Amino acid sequence: MKLTDLNPVWTTPLGGREPNGVRILVIDCPCLRGHRRRIPLGQPGMSSFTDGDTGVYVWQCSSYDLASMTLYPSLDFGCWHGHMKNGATIRVGGTEPVKPS
Ligand SMILES: [Zn+2]
């Protein structure tokens, strides 16, 4: 599934609850059960890390380009676990849900 099909929007960190200096990507959860996910992203090329002040995990991203973005490591939302690679999701251990058209 393409990242751009998950209704992505950029937003800013929640002060005090998410680290400053990151971008937050909000997408439909790839499980397609109707919830949204917030993904904190470091600057392109930065390694992933856990923010010391908030305890929030920040993913490594290849770029801010939604059409080609690769995130590291994988995303594990519980309901869906997989990779974001070259702007598309790759589910681990199952087939992707199909988005109704
Ligand atoms: Zn989900």
# chains A, B, ... in the order shown; residues from 1 in each chain; ligands from 1
>>> residues_near_ligand(ligand="ligand 1", cutoff="6 Å", atoms="only C-alpha atoms and all ligand atoms", output="list of chain:residue names")
A:Cys29, A:Cys31, A:Arg33, A:Cys79, A:Trp80
>>> write_last_selection(atoms="N, CA and C atoms", output="PDB file, in the first residue's frame")
ATOM      1  N   CYS A  29      -3.792   4.077  10.111  1.00  0.00           N
ATOM      2  CA  CYS A  29      -3.097   2.844  10.463  1.00  0.00           C
ATOM      3  C   CYS A  29      -3.195   1.877   9.282  1.00  0.00           C
ATOM      4  N   CYS A  31      -3.525  -1.093   9.154  1.00  0.00           N
ATOM      5  CA  CYS A  31      -4.492  -2.181   9.348  1.00  0.00           C
ATOM      6  C   CYS A  31      -5.847  -1.806   8.751  1.00  0.00           C
ATOM      7  N   ARG A  33      -8.343  -0.208   9.994  1.00  0.00           N
ATOM      8  CA  ARG A  33      -9.512  -0.340  10.861  1.00  0.00           C
ATOM      9  C   ARG A  33      -9.981   1.020  11.367  1.00  0.00           C
ATOM     10  N   CYS A  79      -1.697  -3.977  15.995  1.00  0.00           N
ATOM     11  CA  CYS A  79      -2.676  -4.441  15.007  1.00  0.00           C
ATOM     12  C   CYS A  79      -2.036  -4.644  13.634  1.00  0.00           C
ATOM     13  N   TRP A  80      -0.884  -4.050  13.428  1.00  0.00           N
ATOM     14  CA  TRP A  80      -0.195  -4.136  12.142  1.00  0.00           C
ATOM     15  C   TRP A  80       1.290  -3.970  12.401  1.00  0.00           C
TER      16      TRP A  80
END
>>> select_by_dssp(residues="chain A", states="strand (DSSP E or B)", output="number ranges by chain")
A: 2, 9-11, 15, 18, 23-28, 36-41, 49-50, 57-61, 71-72, 75-76, 81-85, 88-91
>>> residues_around(residues="segment 91-95 of chain A", least_positions_apart="4", cutoff="10 Å", atoms="only C-alpha atoms", output="ChimeraX atom specification")
/A:1,30-31,74-76,80-84
>>> write_last_selection(atoms="C-alpha atoms", output="PDB file, in the first residue's frame")
ATOM      1  CA  MET A   1       0.000   0.000   0.000  1.00  0.00           C
ATOM      2  CA  PRO A  30      -2.122   0.357   7.733  1.00  0.00           C
ATOM      3  CA  CYS A  31      -4.492  -2.181   9.348  1.00  0.00           C
ATOM      4  CA  SER A  74       9.884  -1.445  11.268  1.00  0.00           C
ATOM      5  CA  LEU A  75       6.590  -0.100  12.597  1.00  0.00           C
ATOM      6  CA  ASP A  76       4.838  -2.288  15.134  1.00  0.00           C
ATOM      7  CA  TRP A  80      -0.195  -4.136  12.142  1.00  0.00           C
ATOM      8  CA  HIS A  81       3.548  -4.759  11.923  1.00  0.00           C
ATOM      9  CA  GLY A  82       5.559  -3.995   8.860  1.00  0.00           C
ATOM     10  CA  HIS A  83       8.040  -1.831   7.044  1.00  0.00           C
ATOM     11  CA  MET A  84       7.757   1.459   5.236  1.00  0.00           C
TER      12      MET A  84
END
>>> residues_around(residues="Gly42 of chain A", least_positions_apart="2", cutoff="12 Å", atoms="only C-alpha atoms", output="compact mmCIF listing (two decimals) with C-alpha atoms, in the first residue's frame")
# COMPACT_ATOMS: atom_id res chain seq x y z
CA PRO A 13 5.14 17.68 18.27
CA GLU A 18 6.83 14.54 22.04
CA PRO A 19 10.36 15.76 21.41
CA ASN A 20 11.00 19.16 19.89
CA GLY A 21 12.87 19.25 16.61
CA VAL A 22 11.12 16.29 15.06
CA ARG A 23 8.36 16.11 12.50
CA ILE A 24 5.27 14.06 13.23
CA LEU A 25 3.78 12.12 10.34
CA ILE A 39 5.08 8.64 13.74
CA PRO A 40 7.83 10.94 15.04
CA PRO A 44 16.71 12.56 7.17
CA GLY A 45 19.83 10.50 7.70
CA MET A 46 19.69 10.71 11.49
CA SER A 47 19.62 7.38 13.31
CA SER A 48 16.52 6.38 15.24
CA PHE A 49 16.58 7.14 18.95
CA THR A 50 14.50 7.33 22.09
CA ASP A 51 14.12 10.89 23.28
CA VAL A 56 9.20 8.88 22.74
CA TYR A 57 10.78 6.76 20.02
CA VAL A 58 11.87 8.66 16.91
CA TRP A 59 12.23 6.79 13.63
CA GLN A 60 15.01 7.13 11.13
CA CYS A 61 13.75 8.32 7.75
CA SER A 62 15.47 8.48 4.39
CA SER A 63 13.76 11.73 3.44
CA TYR A 64 10.56 13.70 4.02
CA LEU A 71 11.67 4.32 7.68
CA TYR A 72 13.85 2.34 10.03
>>> atom_distance(atom1="atom CA of Thr54 of chain A", atom2="atom CA of Gly15 of chain A")
9.8 Å
>>> residues_around(residues="Asn7 of chain A", least_positions_apart="2", cutoff="10 Å", atoms="only C-alpha atoms", output="list of chain:residue names")
A:Lys2, A:Leu3, A:Thr4, A:Asp5, A:Val9, A:Val26, A:Ile27, A:Asp28, A:Cys29, A:Arg36
>>> atom_distance(atom1="atom CA of Arg17 of chain A", atom2="atom CA of Thr70 of chain A")
24.7 Å
>>> atom_distance(atom1="atom CA of Thr11 of chain A", atom2="atom CA of Asn86 of chain A")
21.2 Å
>>> closest_residue(among="A:Gly55, A:Pro100, A:Gly34, A:Gly87", to="Ser68 of chain A", atoms="only C-alpha atoms")
A:Gly87
